[in-house]
Amino acid sequence: MNHEADVTGFASPDQTPAVHRLRVLTVNTHKGFTAFNRRFILPELREAVRSTQADVVFLQEVLGSHDRHAARHPGWPTTSQYEFLADSMWSDFAYGQNAVYPDGHHGNALLSKYPILEHRNLDVSITGPERRGLLHCVLDVPGPHPVHAICVHLSLLESHRQKQLKLLRTLLDSLPPDAPVIVAGDFNDWQLRGNRTLHLQRDLHEAFERHHGRLARTYPARLPMLRLDRIYLRNAQSHAPKILGHRPWTHLSDHLPLTVEVHF
């Protein structure tokens, strides 16, 4: 979390008008490279993310650091990728480190225009080299309840995903029953079995499925066929879900981003 966020100018809770809608974006950043790692495009990705005017941004596969890439690519940021993407638009950010290797590490991150009261990264790795986590943040959005945001990036293996979804459902069961919850990210659920599992969760709905009758095709970005990325909501309504399937997005990652308005 960015502990330097300036919140001194906020009015007291009884004076602050309640916020009734948030614009949410989720995107797998592919570590700041185009598909097949052909070109470093993090600066262009930052401009595209800024253009959405999202209030909350869910990021997957974002680098905390990478010494070899930093030495090799001109324009590599001096900060972490998530701080670089946050820039001056998102005052608060949180990072969940998942995979660590000799040159650096990567994981999930969340950028927020509202203060992040607390965050934790839950390790949901099963076995083997794949390291996965659920980044759970509590956002101080003016209203009767804080908003819980969970950034997800699940395993490539079906058996691992089912275990990770069970851990996600346990996390959801532990949250206050009346609090708004946003769960977004890359579920890698190409067989759609995970979506059926999440349908067992009380009052949870997926934004694209509710509005369009099917999950969004997001992978691969140039010719999307697989429905891997999702936005699930609880105690909130989804409006105008969109796949950002046009330029520049088709050239900024191997996944297409999703956006939705969340109404409370």
# chains A, B, ... in the order shown; residues from 1 in each chain; ligands from 1
call {"tool": "closest_atom_pairs", "arguments": {"of": "range 33-62 of chain A", "to": "range 215-237 of chain A", "cutoff": "12 Å", "atoms": "only C-alpha atoms", "output": "Markdown table"}}
result
| residue | atom | partner | partner_atom | distance |
| --- | --- | --- | --- | --- |
| A:Thr34 | CA | A:Ala221 | CA | 10.0 |
| A:Ala35 | CA | A:Ala221 | CA | 8.4 |
| A:Phe36 | CA | A:Pro220 | CA | 11.0 |
| A:Val57 | CA | A:Ile231 | CA | 11.6 |
| A:Phe58 | CA | A:Ile231 | CA | 9.9 |
| A:Leu59 | CA | A:Asp229 | CA | 11.4 |
| A:Gln60 | CA | A:Asp229 | CA | 10.4 |
call {"tool": "write_last_selection", "arguments": {"atoms": "C-alpha atoms", "output": "tab-separated table (two decimals), in the first residue's frame"}}
result
chain	number	residue	atom	x	y	z
A	34	THR	CA	3.54	-7.16	-25.88
A	35	ALA	CA	2.52	-10.74	-26.69
A	36	PHE	CA	5.54	-13.05	-27.03
A	57	VAL	CA	-7.61	-0.87	-11.34
A	58	PHE	CA	-6.92	-4.60	-10.89
A	59	LEU	CA	-3.53	-5.64	-12.31
A	60	GLN	CA	-2.16	-9.12	-12.86
call {"tool": "residues_around", "arguments": {"residues": "Ser51 in chain A", "least_positions_apart": "4", "cutoff": "12 Å", "atoms": "only C-alpha atoms", "output": "PyMOL selection string"}}
result
chain A and resi 25+44-47+55+85+89+244+248-249
call {"tool": "write_last_selection", "arguments": {"atoms": "C-alpha atoms", "output": "tab-separated table (two decimals), in the first residue's frame"}}
result
chain	number	residue	atom	x	y	z
A	25	LEU	CA	-10.76	-1.88	-14.86
A	44	GLU	CA	2.00	3.15	-23.64
A	45	LEU	CA	0.10	0.88	-21.26
A	46	ARG	CA	0.14	3.61	-18.61
A	47	GLU	CA	-1.41	6.12	-21.03
A	55	ASP	CA	-11.44	4.56	-9.99
A	85	LEU	CA	1.22	2.86	-13.61
A	89	MET	CA	-3.91	9.41	-10.80
A	244	LEU	CA	-11.61	-3.06	-24.55
A	248	PRO	CA	-4.21	0.34	-28.53
A	249	TRP	CA	-5.34	-2.46	-26.20
call {"tool": "residues_around", "arguments": {"residues": "Arg202 in chain A", "least_positions_apart": "2", "cutoff": "12 Å", "atoms": "only C-alpha atoms", "output": "list of chain:residue names"}}
result
A:Arg169, A:Thr170, A:Leu172, A:Asp173, A:Pro177, A:Asp178, A:Val181, A:Thr197, A:Leu198, A:His199, A:Leu200, A:Leu204, A:His205, A:Tyr232, A:Leu233, A:Arg234, A:Asn235
call {"tool": "write_last_selection", "arguments": {"atoms": "C-alpha atoms", "output": "PDB file, in the first residue's frame"}}
result
ATOM      1  CA  ARG A 169     -14.930 -18.921  -1.537  1.00  0.00           C
ATOM      2  CA  THR A 170     -13.620 -19.298   2.029  1.00  0.00           C
ATOM      3  CA  LEU A 172     -15.654 -14.473   0.555  1.00  0.00           C
ATOM      4  CA  ASP A 173     -17.497 -16.256   3.368  1.00  0.00           C
ATOM      5  CA  PRO A 177     -22.233 -10.108   4.666  1.00  0.00           C
ATOM      6  CA  ASP A 178     -23.476  -6.617   3.726  1.00  0.00           C
ATOM      7  CA  VAL A 181     -17.290  -6.971  -2.903  1.00  0.00           C
ATOM      8  CA  THR A 197     -18.040 -23.306  -8.922  1.00  0.00           C
ATOM      9  CA  LEU A 198     -18.397 -19.587  -8.175  1.00  0.00           C
ATOM     10  CA  HIS A 199     -22.099 -19.726  -9.008  1.00  0.00           C
ATOM     11  CA  LEU A 200     -22.463 -21.699  -5.774  1.00  0.00           C
ATOM     12  CA  LEU A 204     -22.243 -13.402  -6.498  1.00  0.00           C
ATOM     13  CA  HIS A 205     -22.706 -12.495 -10.155  1.00  0.00           C
ATOM     14  CA  TYR A 232     -17.652 -10.717 -10.130  1.00  0.00           C
ATOM     15  CA  LEU A 233     -19.730  -8.574  -7.771  1.00  0.00           C
ATOM     16  CA  ARG A 234     -21.584  -9.027  -4.500  1.00  0.00           C
ATOM     17  CA  ASN A 235     -23.865  -6.455  -2.854  1.00  0.00           C
TER      18      ASN A 235
END
call {"tool": "residues_around", "arguments": {"residues": "His69 in chain A", "least_positions_apart": "6", "cutoff": "10 Å", "atoms": "only C-alpha atoms", "output": "list in words"}}
result
Phe40, Trp76, Asp103 and Gly104 of chain A
call {"tool": "write_last_selection", "arguments": {"atoms": "C-alpha atoms", "output": "PDB file, in the first residue's frame"}}
result
ATOM      1  CA  PHE A  40       8.494  -3.230 -23.904  1.00  0.00           C
ATOM      2  CA  TRP A  76      12.538   1.148 -17.697  1.00  0.00           C
ATOM      3  CA  ASP A 103      16.202 -11.148 -11.381  1.00  0.00           C
ATOM      4  CA  GLY A 104      13.133  -9.948  -9.489  1.00  0.00           C
TER       5      GLY A 104
END
call {"tool": "select_by_dssp", "arguments": {"residues": "range 20-64 of chain A", "states": "alpha helix (DSSP H)", "output": "JSON, numbers by chain"}}
result
{"A": [42, 43, 44, 45, 46, 47, 48, 49, 50, 51]}
call {"tool": "write_last_selection", "arguments": {"atoms": "N, CA and C atoms", "output": "PDB file, in the first residue's frame"}}
result
ATOM      1  N   LEU A  42       5.379  -0.556 -21.475  1.00  0.00           N
ATOM      2  CA  LEU A  42       4.761  -0.073 -20.234  1.00  0.00           C
ATOM      3  C   LEU A  42       4.346   1.399 -20.307  1.00  0.00           C
ATOM      4  N   PRO A  43       5.152   2.312 -20.876  1.00  0.00           N
ATOM      5  CA  PRO A  43       4.682   3.707 -20.973  1.00  0.00           C
ATOM      6  C   PRO A  43       3.379   3.843 -21.757  1.00  0.00           C
ATOM      7  N   GLU A  44       3.255   3.106 -22.869  1.00  0.00           N
ATOM      8  CA  GLU A  44       2.005   3.153 -23.635  1.00  0.00           C
ATOM      9  C   GLU A  44       0.851   2.543 -22.853  1.00  0.00           C
ATOM     10  N   LEU A  45       1.132   1.497 -22.086  1.00  0.00           N
ATOM     11  CA  LEU A  45       0.104   0.881 -21.258  1.00  0.00           C
ATOM     12  C   LEU A  45      -0.383   1.867 -20.204  1.00  0.00           C
ATOM     13  N   ARG A  46       0.550   2.629 -19.619  1.00  0.00           N
ATOM     14  CA  ARG A  46       0.140   3.608 -18.611  1.00  0.00           C
ATOM     15  C   ARG A  46      -0.816   4.637 -19.207  1.00  0.00           C
ATOM     16  N   GLU A  47      -0.528   5.133 -20.402  1.00  0.00           N
ATOM     17  CA  GLU A  47      -1.407   6.115 -21.027  1.00  0.00           C
ATOM     18  C   GLU A  47      -2.784   5.516 -21.313  1.00  0.00           C
ATOM     19  N   ALA A  48      -2.806   4.261 -21.746  1.00  0.00           N
ATOM     20  CA  ALA A  48      -4.085   3.611 -22.029  1.00  0.00           C
ATOM     21  C   ALA A  48      -4.897   3.408 -20.748  1.00  0.00           C
ATOM     22  N   VAL A  49      -4.243   2.989 -19.676  1.00  0.00           N
ATOM     23  CA  VAL A  49      -4.933   2.797 -18.396  1.00  0.00           C
ATOM     24  C   VAL A  49      -5.466   4.134 -17.890  1.00  0.00           C
ATOM     25  N   ARG A  50      -4.667   5.184 -17.990  1.00  0.00           N
ATOM     26  CA  ARG A  50      -5.108   6.518 -17.552  1.00  0.00           C
ATOM     27  C   ARG A  50      -6.346   6.973 -18.334  1.00  0.00           C
ATOM     28  N   SER A  51      -6.393   6.638 -19.623  1.00  0.00           N
ATOM     29  CA  SER A  51      -7.493   7.110 -20.471  1.00  0.00           C
ATOM     30  C   SER A  51      -8.848   6.530 -20.065  1.00  0.00           C
TER      31      SER A  51
END
call {"tool": "select_by_dssp", "arguments": {"residues": "range 10-251 of chain A", "states": "strand (DSSP E or B)", "output": "NGL selection string"}}
result
:A and (21-28 or 33 or 40 or 56-66 or 92-101 or 104-112 or 116-123 or 133-139 or 147-153 or 181-186 or 205-206 or 219 or 226 or 229-234 or 237-243)
call {"tool": "residues_around", "arguments": {"residues": "Glu61 in chain A", "least_positions_apart": "2", "cutoff": "12 Å", "atoms": "only C-alpha atoms", "output": "PyMOL selection string"}}
result
chain A and resi 26-33+58-59+63-65+81-82+95-99+105-110+131-133+151-154+185-186+253-255
call {"tool": "write_last_selection", "arguments": {"atoms": "C-alpha atoms", "output": "compact mmCIF listing (two decimals), in the first residue's frame"}}
result
# COMPACT_ATOMS: atom_id res chain seq x y z
CA THR A 26 -8.98 -5.25 -14.83
CA VAL A 27 -6.00 -6.03 -17.05
CA ASN A 28 -3.26 -8.64 -17.20
CA THR A 29 -0.23 -6.42 -17.91
CA HIS A 30 1.99 -9.25 -19.24
CA LYS A 31 4.85 -7.66 -17.25
CA GLY A 32 4.83 -4.59 -19.47
CA PHE A 33 5.52 -6.40 -22.75
CA PHE A 58 -6.92 -4.60 -10.89
CA LEU A 59 -3.53 -5.64 -12.31
CA LEU A 63 6.56 -6.63 -11.99
CA GLY A 64 7.76 -5.41 -8.64
CA SER A 65 11.34 -5.44 -9.93
CA GLN A 81 5.71 -1.15 -12.45
CA TYR A 82 2.60 -0.68 -10.31
CA TYR A 95 1.04 -5.14 -4.28
CA GLY A 96 0.93 -8.87 -3.63
CA GLN A 97 4.23 -10.53 -4.45
CA ASN A 98 3.67 -14.02 -5.80
CA ALA A 99 6.56 -15.25 -7.97
CA HIS A 105 9.50 -10.73 -8.69
CA HIS A 106 5.95 -10.21 -9.94
CA GLY A 107 2.39 -10.55 -8.68
CA ASN A 108 -0.97 -8.78 -8.50
CA ALA A 109 -1.52 -5.11 -7.72
CA LEU A 110 -4.44 -2.79 -7.11
CA ARG A 131 3.10 -19.21 -7.34
CA ARG A 132 -0.33 -17.62 -7.04
CA GLY A 133 -2.04 -15.23 -4.65
CA CYS A 151 -7.45 -9.22 -7.36
CA VAL A 152 -7.18 -12.76 -8.75
CA HIS A 153 -4.72 -14.65 -10.95
CA LEU A 154 -5.31 -18.40 -10.84
CA GLY A 185 -8.71 -10.68 -12.66
CA ASP A 186 -7.36 -13.50 -14.77
CA SER A 253 -0.84 -7.33 -23.73
CA ASP A 254 -1.82 -10.86 -24.59
CA HIS A 255 -5.14 -10.31 -22.71
call {"tool": "decode", "arguments": {"residues": "range 71-208 of chain A", "atoms": "C-alpha atoms", "output": "compact mmCIF listing (two decimals), in the first residue's frame"}}
result
# COMPACT_ATOMS: atom_id res chain seq x y z
CA ALA A 71 19.50 -2.95 -17.55
CA ARG A 72 18.37 -3.99 -21.03
CA HIS A 73 15.40 -1.72 -21.83
CA PRO A 74 15.72 2.08 -22.18
CA GLY A 75 12.94 3.85 -20.34
CA TRP A 76 12.54 1.15 -17.70
CA PRO A 77 10.97 2.89 -14.67
CA THR A 78 13.04 3.58 -11.58
CA THR A 79 10.05 2.53 -9.45
CA SER A 80 8.03 -0.68 -9.49
CA GLN A 81 5.71 -1.15 -12.45
CA TYR A 82 2.60 -0.68 -10.31
CA GLU A 83 3.91 2.62 -8.92
CA PHE A 84 4.76 3.74 -12.45
CA LEU A 85 1.22 2.86 -13.61
CA ALA A 86 -0.35 4.58 -10.59
CA ASP A 87 1.53 7.80 -11.38
CA SER A 88 -0.44 10.79 -10.05
CA MET A 89 -3.91 9.41 -10.80
CA TRP A 90 -4.22 6.72 -8.16
CA SER A 91 -3.11 7.90 -4.75
CA ASP A 92 -3.12 4.46 -3.15
CA PHE A 93 -1.77 1.14 -4.37
CA ALA A 94 -1.11 -2.30 -2.97
CA TYR A 95 1.04 -5.14 -4.28
CA GLY A 96 0.93 -8.87 -3.63
CA GLN A 97 4.23 -10.53 -4.45
CA ASN A 98 3.67 -14.02 -5.80
CA ALA A 99 6.56 -15.25 -7.97
CA VAL A 100 10.20 -14.61 -6.96
CA TYR A 101 13.20 -15.39 -9.18
CA PRO A 102 16.87 -14.33 -9.36
CA ASP A 103 16.20 -11.15 -11.38
CA GLY A 104 13.13 -9.95 -9.49
CA HIS A 105 9.50 -10.73 -8.69
CA HIS A 106 5.95 -10.21 -9.94
CA GLY A 107 2.39 -10.55 -8.68
CA ASN A 108 -0.97 -8.78 -8.50
CA ALA A 109 -1.52 -5.11 -7.72
CA LEU A 110 -4.44 -2.79 -7.11
CA LEU A 111 -4.58 0.96 -7.80
CA SER A 112 -7.25 3.04 -6.08
CA LYS A 113 -8.41 6.65 -6.06
CA TYR A 114 -9.76 5.96 -2.58
CA PRO A 115 -7.64 5.16 0.49
CA ILE A 116 -6.70 1.52 0.97
CA LEU A 117 -7.40 0.89 4.65
CA GLU A 118 -5.64 -2.48 4.70
CA HIS A 119 -4.44 -5.17 2.38
CA ARG A 120 -3.17 -8.74 2.54
CA ASN A 121 -1.88 -11.18 -0.03
CA LEU A 122 -3.17 -14.71 0.49
CA ASP A 123 -0.85 -17.40 -0.86
CA VAL A 124 -3.00 -19.89 -2.80
CA SER A 125 -0.11 -21.72 -4.47
CA ILE A 126 -0.65 -25.48 -4.53
CA THR A 127 2.49 -27.40 -5.58
CA GLY A 128 5.21 -26.96 -8.17
CA PRO A 129 6.78 -23.78 -9.55
CA GLU A 130 3.54 -21.81 -10.09
CA ARG A 131 3.10 -19.21 -7.34
CA ARG A 132 -0.33 -17.62 -7.04
CA GLY A 133 -2.04 -15.23 -4.65
CA LEU A 134 -5.28 -13.43 -3.89
CA LEU A 135 -4.69 -9.74 -3.17
CA HIS A 136 -7.45 -8.59 -0.81
CA CYS A 137 -7.82 -4.84 -0.22
CA VAL A 138 -10.31 -2.89 1.88
CA LEU A 139 -11.15 0.47 0.28
CA ASP A 140 -12.39 3.52 2.16
CA VAL A 141 -15.12 4.45 -0.31
CA PRO A 142 -17.57 6.89 1.34
CA GLY A 143 -20.75 5.02 2.16
CA PRO A 144 -22.23 2.68 4.76
CA HIS A 145 -19.57 -0.04 4.23
CA PRO A 146 -15.97 -0.20 3.03
CA VAL A 147 -15.55 -1.89 -0.35
CA HIS A 148 -13.65 -5.19 -0.49
CA ALA A 149 -11.59 -5.70 -3.66
CA ILE A 150 -9.93 -9.03 -4.48
CA CYS A 151 -7.45 -9.22 -7.36
CA VAL A 152 -7.18 -12.76 -8.75
CA HIS A 153 -4.72 -14.65 -10.95
CA LEU A 154 -5.31 -18.40 -10.84
CA SER A 155 -3.31 -21.43 -11.93
CA LEU A 156 -3.00 -22.86 -15.42
CA LEU A 157 -3.96 -26.32 -14.06
CA GLU A 158 -7.63 -27.21 -13.56
CA SER A 159 -7.03 -29.21 -10.36
CA HIS A 160 -5.10 -26.30 -8.85
CA ARG A 161 -7.74 -23.78 -9.91
CA GLN A 162 -10.49 -25.73 -8.18
CA LYS A 163 -8.52 -25.72 -4.92
CA GLN A 164 -7.78 -22.01 -5.31
CA LEU A 165 -11.46 -21.27 -5.97
CA LYS A 166 -12.31 -23.10 -2.76
CA LEU A 167 -9.89 -20.80 -0.92
CA LEU A 168 -11.48 -17.80 -2.65
CA ARG A 169 -14.93 -18.92 -1.54
CA THR A 170 -13.62 -19.30 2.03
CA LEU A 171 -12.30 -15.73 1.85
CA LEU A 172 -15.65 -14.47 0.56
CA ASP A 173 -17.50 -16.26 3.37
CA SER A 174 -15.27 -14.47 5.89
CA LEU A 175 -16.19 -10.97 4.70
CA PRO A 176 -18.98 -8.87 6.24
CA PRO A 177 -22.23 -10.11 4.67
CA ASP A 178 -23.48 -6.62 3.73
CA ALA A 179 -20.21 -5.18 2.37
CA PRO A 180 -19.80 -4.55 -1.37
CA VAL A 181 -17.29 -6.97 -2.90
CA ILE A 182 -15.48 -6.80 -6.27
CA VAL A 183 -13.53 -9.85 -7.45
CA ALA A 184 -11.63 -9.34 -10.70
CA GLY A 185 -8.71 -10.68 -12.66
CA ASP A 186 -7.36 -13.50 -14.77
CA PHE A 187 -9.03 -16.77 -13.76
CA ASN A 188 -7.37 -18.91 -16.48
CA ASP A 189 -10.67 -20.81 -16.45
CA TRP A 190 -10.77 -21.76 -20.12
CA GLN A 191 -13.00 -24.79 -19.44
CA LEU A 192 -15.50 -22.59 -17.49
CA ARG A 193 -15.68 -25.06 -14.61
CA GLY A 194 -14.50 -22.40 -12.20
CA ASN A 195 -17.37 -20.15 -13.17
CA ARG A 196 -19.81 -22.94 -12.27
CA THR A 197 -18.04 -23.31 -8.92
CA LEU A 198 -18.40 -19.59 -8.17
CA HIS A 199 -22.10 -19.73 -9.01
CA LEU A 200 -22.46 -21.70 -5.77
CA GLN A 201 -21.39 -18.59 -3.86
CA ARG A 202 -24.21 -16.60 -2.31
CA ASP A 203 -25.29 -13.48 -4.22
CA LEU A 204 -22.24 -13.40 -6.50
CA HIS A 205 -22.71 -12.50 -10.15
CA GLU A 206 -20.34 -12.01 -13.09
CA ALA A 207 -20.90 -8.72 -14.90
CA PHE A 208 -20.62 -9.87 -18.53
